[in-house]
Number of protein chains: 2
Amino acid sequence: MSAQPTIIIVDDDPGIRESLEGLLRSVGLQVKTLASVPEFVKEGRPEGPACLVLDVRLPGQSGLDFQRELAAANIQVPIIFITGYGDIPMSVRAMKGGAVEFLTKPFREQDLLDAIQLGLARDRAWLENEKAIAELRARFETLTPREREVMALVVTGRLNKQIAYDIRISEITVKVHRGQVMRKMKAASLPDLARMADKLNFTAEKHQTC
Amino acid sequence: MSAQPTIIIVDDDPGIRESLEGLLRSVGLQVKTLASVPEFVKEGRPEGPACLVLDVRLPGQSGLDFQRELAAANIQVPIIFITGYGDIPMSVRAMKGGAVEFLTKPFREQDLLDAIQLGLARDRAWLENEKAIAELRARFETLTPREREVMALVVTGRLNKQIAYDIRISEITVKVHRGQVMRKMKAASLPDLARMADKLNFTAEKHQTC
DNA sequence: ATTCTGTTTAAACCAAAGTATAATCGCTAG
DNA sequence: CTAGCGATTATACTTTGGTTTAAACAGAAT
């Protein structure tokens with residue numbers, strides 16, 4: 001169903017990279033090793049499900065800073081931290097930032113593999129959700145400005161005549177727009193459309209006027 | 001608006017209890033100190049917003065075990081861990097379990113106060129949400145079995161005639177039940193009802209047959 | 001035995017939603 | 001200039017949704 005998962009190892013120590021890579025490949029995982037963070041940033045995250053295995057201490061930027069940077073750039077990818085010289089505040093910060101796991105060397109191989117499975121599972125779920133939202137957004141893009149306005153009001157439960165009054169057009173025009181909205185959004189029913197709107201976070205924006 | 005927040009300190013060392021209590025009281029927080037976990041379990045969580053300040057090592061049961069126990073018992077309350085002798089796996093486990101913060105002694109007072117504010121904010125949001133759901137559940141309780149069935153089908157977007165066919169009653173009967181559902185649930189519109197159903201996790205159960 | 005609740009249905013409407021056809025108008029891209 | 005899009009509206013229906021009134025019936029509770 002979903003594409004081949006990719007594990008990305010970022011560590012400046014070639015020995016560790018190779019050792020981790022060997023372990024992961026031995027269980028059939030597709031691995032990509034990088035020596036530094038910029039290499040990851042350059043390519044962006046892989047298409048399929050992925051998981052980052054990151055050393056906390058990295059040349060230039062620390063793994064924790066990198067985690068923040070990804071979050072700020074709105075790039076979602078599960079991170080597993082590995083460190084030889086970590087402390088509690090470091091691990092707490094990593095976990096607060098949404099890390100899947102924070103392992104201290106030496107760690108049991110099984111712990112890493114478990115964490116990776118968990119990370120991949122999360123990423124699959126996230127990707128699936130993103131895909132669904134992207135599809136909805138694509139449909140929403142095809143709506144004309146007026147149709148978006150009408151949709152925003154429809155999903156709040158307003159009646160056609162009320163919507164007509166709200167935006168000062170005739171009720172019949174509302175019906176036309178509303179019908180178009182249902183068709184373009186491929187909504188099977190009103191509750192369906194309402195749920196789509198919720199997924200598109202209509203709660204916060206209502207309908208941007210830009 | 002919301003009730004007075006309560007901070008619950010659980011620590012077996014009376015000196016630490018008093019010192020923490022003093023600090024928190026000095027910033028105007030209502031504090032309750034306990035020497036052990038069973039004392040908390042006995043009373044259950046306070047009415048208003050609350051936050052637990054918990055030593056990881058406690059007589060009998062560790063703070064982490066207690067955290068798990070609360071989660072298992074479905075008792076929600078933000079936890080801030082404090083420890084003098086912690087390690088990384090311990091902190092990681094605590095954070096995975098949803099802890100707000102994990103502080104190592106000695107810590108800056110401001111860090112604890114910040115964590116407490118964050119914990120209280122989370123708890124307020126949680127309480128508010130719980131209250132809303134409880135209200136919905138109360139309304140749902142007033143529905144008769146038939147009304148619940150009809151509601152379940154209505155919020156999926158089925159038409160009255162389809163529902164009638166589904167449960168083999170006449171369309172007019174469906175209308176009667178549907179009207180009752182809208183009134184009893186205090187739903188202002190169909191999208192409104194659909195959202196209520198979603199909040200009541202109709203996705204998972206649809207409608208239990210028990 | 002009687003009351004009450006839940007369930008069912010019919011008749012008779014009224015309101016709301018949705019569809020199809022057709023036409024007008026302003027604006028923009030060829 | 002003209003074709004096309006977005007927006008608007010009207011007419012004319014059909015289909016759904018929703019309410020009221022009234023009635024019937026079964027089963028549980030008093």
# chains A, B, ... in the order shown; residues from 1 in each chain; ligands from 1
>>> residues_around(residues="region 82-98 of chain A", least_positions_apart="3", cutoff="7 Å", atoms="only C-alpha atoms (C1' of nucleotides)", output="PyMOL selection string")
(chain A and resi 54-56+64+102-105) or (chain B and resi 87-88+91-92+95+102)
>>> write_last_selection(atoms="C-alpha atoms", output="PDB file, in the first residue's frame")
ATOM      1  CA  LEU A  54      19.750  11.795  14.873  1.00  0.00           C
ATOM      2  CA  ASP A  55      22.779  12.278  17.033  1.00  0.00           C
ATOM      3  CA  VAL A  56      22.159  15.067  19.498  1.00  0.00           C
ATOM      4  CA  LEU A  64      17.820  19.737  19.179  1.00  0.00           C
ATOM      5  CA  PHE A 102      15.770   9.450  23.182  1.00  0.00           C
ATOM      6  CA  LEU A 103      18.370   6.718  23.511  1.00  0.00           C
ATOM      7  CA  THR A 104      21.650   6.835  25.313  1.00  0.00           C
ATOM      8  CA  LYS A 105      24.599   4.862  24.114  1.00  0.00           C
TER       9      LYS A 105
ATOM     10  CA  ASP B  87      18.466   9.436  34.727  1.00  0.00           C
ATOM     11  CA  ILE B  88      17.628   9.931  31.099  1.00  0.00           C
ATOM     12  CA  SER B  91      12.850  11.362  32.191  1.00  0.00           C
ATOM     13  CA  VAL B  92      12.059  10.005  28.742  1.00  0.00           C
ATOM     14  CA  MET B  95       7.664  12.700  29.111  1.00  0.00           C
ATOM     15  CA  PHE B 102      10.844  16.884  34.443  1.00  0.00           C
TER      16      PHE B 102
END
>>> interface_residues(of="chain A", to="chain B", cutoff="6 Å", atoms="only C-alpha atoms", output="PDB file with N, CA, C and O atoms, in the first residue's frame")
ATOM      1  N   ILE A  88      19.645  15.092  31.324  1.00  0.00           N
ATOM      2  CA  ILE A  88      18.186  15.073  31.441  1.00  0.00           C
ATOM      3  C   ILE A  88      17.510  16.272  30.771  1.00  0.00           C
ATOM      4  O   ILE A  88      16.559  16.076  30.000  1.00  0.00           O
ATOM      5  N   GLY A 157     -24.437  25.962   9.629  1.00  0.00           N
ATOM      6  CA  GLY A 157     -25.823  25.578   9.835  1.00  0.00           C
ATOM      7  C   GLY A 157     -26.835  26.643   9.426  1.00  0.00           C
ATOM      8  O   GLY A 157     -28.023  26.491   9.664  1.00  0.00           O
ATOM      9  N   SER A 189     -23.125  14.681   1.644  1.00  0.00           N
ATOM     10  CA  SER A 189     -24.206  15.163   2.496  1.00  0.00           C
ATOM     11  C   SER A 189     -23.732  16.391   3.262  1.00  0.00           C
ATOM     12  O   SER A 189     -22.538  16.707   3.268  1.00  0.00           O
ATOM     13  N   PRO A 191     -23.629  16.844   6.613  1.00  0.00           N
ATOM     14  CA  PRO A 191     -22.675  16.502   7.677  1.00  0.00           C
ATOM     15  C   PRO A 191     -21.288  16.241   7.096  1.00  0.00           C
ATOM     16  O   PRO A 191     -20.273  16.598   7.695  1.00  0.00           O
ATOM     17  N   ALA A 194     -19.678  19.487   6.408  1.00  0.00           N
ATOM     18  CA  ALA A 194     -19.293  20.126   7.670  1.00  0.00           C
ATOM     19  C   ALA A 194     -17.980  19.535   8.182  1.00  0.00           C
ATOM     20  O   ALA A 194     -17.103  20.249   8.657  1.00  0.00           O
TER      21      ALA A 194
END
>>> closest_atom_pairs(of="chain C", to="chain A", cutoff="12 Å", atoms="only C-alpha atoms (C1' of nucleotides)", output="tab-separated table")
residue	atom	partner	partner_atom	distance
C:DA15	C1'	A:Leu159	CA	11.0
C:DA16	C1'	A:Asn160	CA	8.0
C:DA17	C1'	A:Lys175	CA	7.8
C:DG18	C1'	A:Lys175	CA	7.3
C:DT19	C1'	A:Gly179	CA	9.2
C:DA20	C1'	A:Val176	CA	11.1
>>> interface_residues(of="chain A", to="chain D", cutoff="9 Å", atoms="only C-alpha atoms (C1' of nucleotides)", output="list in words")
Thr144, Arg146, Ile169, Ser170, Ile172 and Thr173 of chain A
>>> select_by_dssp(residues="region 29-165 of chain A", states="helix (DSSP H, G or I)", output="VMD selection string")
chain A and resid 37 to 43 63 to 72 88 to 96 109 to 141 145 to 154 160 to 165
>>> closest_residue(among="A:Val31, A:Ala164, A:Val10, A:Val41", to="Arg57 (chain A)", atoms="only C-alpha atoms")
A:Val10
>>> select_by_dssp(residues="region 48-169 of chain B", states="strand (DSSP E or B)", output="list in words")
Ala50, Cys51, Leu52, Val53, Leu54, Asp55, Ile79, Ile80, Phe81, Ile82, Thr83, Glu101, Phe102, Leu103 and Thr104 of chain B
>>> write_last_selection(atoms="all heavy atoms", output="CSV table (one decimal), in the first residue's frame")
chain,number,residue,atom,x,y,z
B,50,ALA,N,-5.9,21.8,38.3
B,50,ALA,CA,-4.9,21.3,39.2
B,50,ALA,C,-3.6,20.9,38.5
B,50,ALA,O,-3.6,20.8,37.3
B,50,ALA,CB,-5.5,20.2,40.0
B,51,CYS,N,-2.6,20.7,39.3
B,51,CYS,CA,-1.3,20.3,38.8
B,51,CYS,C,-0.6,19.5,39.8
B,51,CYS,O,-0.6,20.0,41.0
B,51,CYS,CB,-0.5,21.5,38.3
B,51,CYS,SG,1.0,21.2,37.4
B,52,LEU,N,0.0,18.4,39.5
B,52,LEU,CA,0.7,17.6,40.4
B,52,LEU,C,2.2,17.9,40.4
B,52,LEU,O,2.7,18.0,39.3
B,52,LEU,CB,0.5,16.1,40.1
B,52,LEU,CG,-0.5,15.3,40.8
B,52,LEU,CD1,-0.5,13.8,40.4
B,52,LEU,CD2,-0.3,15.4,42.3
B,53,VAL,N,2.8,18.1,41.5
B,53,VAL,CA,4.2,18.2,41.6
B,53,VAL,C,4.7,16.9,42.3
B,53,VAL,O,4.4,16.7,43.5
B,53,VAL,CB,4.7,19.4,42.3
B,53,VAL,CG1,6.2,19.5,42.4
B,53,VAL,CG2,4.2,20.6,41.5
B,54,LEU,N,5.4,16.1,41.6
B,54,LEU,CA,5.6,14.7,42.1
B,54,LEU,C,7.1,14.4,42.1
B,54,LEU,O,7.8,14.6,41.2
B,54,LEU,CB,4.9,13.8,41.1
B,54,LEU,CG,4.5,12.4,41.6
B,54,LEU,CD1,3.5,12.5,42.8
B,54,LEU,CD2,3.8,11.7,40.4
B,55,ASP,N,7.5,13.8,43.3
B,55,ASP,CA,8.9,13.3,43.3
B,55,ASP,C,8.9,12.0,42.6
B,55,ASP,O,8.0,11.2,42.8
B,55,ASP,CB,9.4,13.2,44.8
B,55,ASP,CG,10.9,13.1,44.9
B,55,ASP,OD1,11.5,12.3,44.1
B,55,ASP,OD2,11.5,13.8,45.7
B,79,ILE,N,1.3,16.5,35.3
B,79,ILE,CA,2.3,16.1,36.3
B,79,ILE,C,3.6,16.8,36.0
B,79,ILE,O,4.1,16.8,34.9
B,79,ILE,CB,2.5,14.6,36.3
B,79,ILE,CG1,1.1,13.9,36.6
B,79,ILE,CG2,3.5,14.2,37.4
B,79,ILE,CD1,1.3,12.4,36.7
B,80,ILE,N,4.2,17.3,37.0
B,80,ILE,CA,5.5,17.9,36.9
B,80,ILE,C,6.4,17.0,37.9
B,80,ILE,O,6.1,16.9,39.0
B,80,ILE,CB,5.6,19.3,37.4
B,80,ILE,CG1,4.8,20.2,36.4
B,80,ILE,CG2,7.0,19.8,37.5
B,80,ILE,CD1,4.4,21.5,37.0
B,81,PHE,N,7.4,16.4,37.3
B,81,PHE,CA,8.3,15.5,38.1
B,81,PHE,C,9.5,16.3,38.6
B,81,PHE,O,10.0,17.2,37.9
B,81,PHE,CB,8.8,14.4,37.2
B,81,PHE,CG,7.8,13.3,37.1
B,81,PHE,CD1,7.1,13.2,35.9
B,81,PHE,CD2,7.5,12.4,38.1
B,81,PHE,CE1,6.1,12.2,35.7
B,81,PHE,CE2,6.5,11.4,37.9
B,81,PHE,CZ,5.8,11.3,36.7
B,82,ILE,N,9.9,16.0,39.8
B,82,ILE,CA,11.1,16.6,40.4
B,82,ILE,C,11.9,15.4,40.9
B,82,ILE,O,11.3,14.5,41.5
B,82,ILE,CB,10.7,17.5,41.5
B,82,ILE,CG1,10.0,18.8,41.0
B,82,ILE,CG2,11.9,17.9,42.3
B,82,ILE,CD1,9.6,19.8,42.0
B,83,THR,N,13.2,15.5,40.7
B,83,THR,CA,14.0,14.4,41.2
B,83,THR,C,15.4,14.9,41.5
B,83,THR,O,15.9,15.8,40.9
B,83,THR,CB,14.0,13.2,40.2
B,83,THR,OG1,14.8,12.2,40.8
B,83,THR,CG2,14.7,13.7,38.9
B,101,GLU,N,6.7,18.5,32.7
B,101,GLU,CA,8.0,18.9,32.9
B,101,GLU,C,8.7,17.8,33.8
B,101,GLU,O,8.1,17.1,34.5
B,101,GLU,CB,8.1,20.3,33.5
B,101,GLU,CG,9.4,20.9,33.8
B,101,GLU,CD,10.3,21.0,32.5
B,101,GLU,OE1,10.8,20.0,32.1
B,101,GLU,OE2,10.3,22.1,31.9
B,102,PHE,N,10.0,17.8,33.6
B,102,PHE,CA,10.8,16.9,34.4
B,102,PHE,C,12.1,17.7,34.9
B,102,PHE,O,13.0,17.9,34.1
B,102,PHE,CB,11.3,15.7,33.6
B,102,PHE,CG,11.8,14.6,34.4
B,102,PHE,CD1,11.1,13.4,34.7
B,102,PHE,CD2,13.2,14.6,34.8
B,102,PHE,CE1,11.6,12.4,35.4
B,102,PHE,CE2,13.7,13.5,35.5
B,102,PHE,CZ,13.0,12.4,35.8
B,103,LEU,N,12.0,18.0,36.2
B,103,LEU,CA,13.1,18.9,36.7
B,103,LEU,C,14.0,18.1,37.6
B,103,LEU,O,13.6,17.3,38.4
B,103,LEU,CB,12.5,20.1,37.5
B,103,LEU,CG,11.6,21.0,36.7
B,103,LEU,CD1,10.9,22.0,37.6
B,103,LEU,CD2,12.4,21.8,35.7
B,104,THR,N,15.3,18.5,37.5
B,104,THR,CA,16.3,17.8,38.4
B,104,THR,C,16.7,18.9,39.4
B,104,THR,O,16.9,20.0,39.1
B,104,THR,CB,17.5,17.4,37.6
B,104,THR,OG1,18.0,18.5,36.7
B,104,THR,CG2,17.2,16.2,36.7
>>> atom_distance(atom1="CA of Ala3 (chain A)", atom2="CA of Arg124 (chain A)")
9.6 Å
>>> decode(residues="chain C", atoms="C-alpha atoms (C1' of nucleotides)", output="PDB file, in the first residue's frame")
ATOM      1  C1'  DA C   1     -56.188  -1.926  36.750  1.00  0.00           C
ATOM      2  C1'  DT C   2     -54.238   2.152  35.373  1.00  0.00           C
ATOM      3  C1'  DT C   3     -50.632   5.175  34.187  1.00  0.00           C
ATOM      4  C1'  DC C   4     -46.544   6.117  31.741  1.00  0.00           C
ATOM      5  C1'  DT C   5     -43.001   5.508  28.312  1.00  0.00           C
ATOM      6  C1'  DG C   6     -41.513   4.225  24.023  1.00  0.00           C
ATOM      7  C1'  DT C   7     -42.713   3.235  19.477  1.00  0.00           C
ATOM      8  C1'  DT C   8     -45.317   3.425  15.507  1.00  0.00           C
ATOM      9  C1'  DT C   9     -48.108   5.520  11.922  1.00  0.00           C
ATOM     10  C1'  DA C  10     -51.462   8.577   9.210  1.00  0.00           C
ATOM     11  C1'  DA C  11     -53.248  12.936   7.491  1.00  0.00           C
ATOM     12  C1'  DA C  12     -52.415  17.430   6.350  1.00  0.00           C
ATOM     13  C1'  DC C  13     -49.586  20.975   5.748  1.00  0.00           C
ATOM     14  C1'  DC C  14     -45.680  24.307   5.451  1.00  0.00           C
ATOM     15  C1'  DA C  15     -40.885  25.333   4.933  1.00  0.00           C
ATOM     16  C1'  DA C  16     -36.533  24.380   3.046  1.00  0.00           C
ATOM     17  C1'  DA C  17     -33.550  22.338  -0.257  1.00  0.00           C
ATOM     18  C1'  DG C  18     -32.336  21.217  -4.755  1.00  0.00           C
ATOM     19  C1'  DT C  19     -32.650  21.161 -10.023  1.00  0.00           C
ATOM     20  C1'  DA C  20     -33.171  22.741 -14.723  1.00  0.00           C
ATOM     21  C1'  DT C  21     -33.570  26.282 -18.079  1.00  0.00           C
ATOM     22  C1'  DA C  22     -32.604  30.702 -19.446  1.00  0.00           C
ATOM     23  C1'  DA C  23     -31.118  35.226 -19.353  1.00  0.00           C
ATOM     24  C1'  DT C  24     -28.335  39.411 -17.898  1.00  0.00           C
ATOM     25  C1'  DC C  25     -24.089  41.794 -16.622  1.00  0.00           C
ATOM     26  C1'  DG C  26     -19.178  42.888 -15.764  1.00  0.00           C
ATOM     27  C1'  DC C  27     -14.631  41.687 -16.515  1.00  0.00           C
ATOM     28  C1'  DT C  28     -10.671  39.422 -18.453  1.00  0.00           C
ATOM     29  C1'  DA C  29      -7.848  36.926 -21.706  1.00  0.00           C
ATOM     30  C1'  DG C  30      -7.094  36.019 -26.251  1.00  0.00           C
TER      31       DG C  30
END
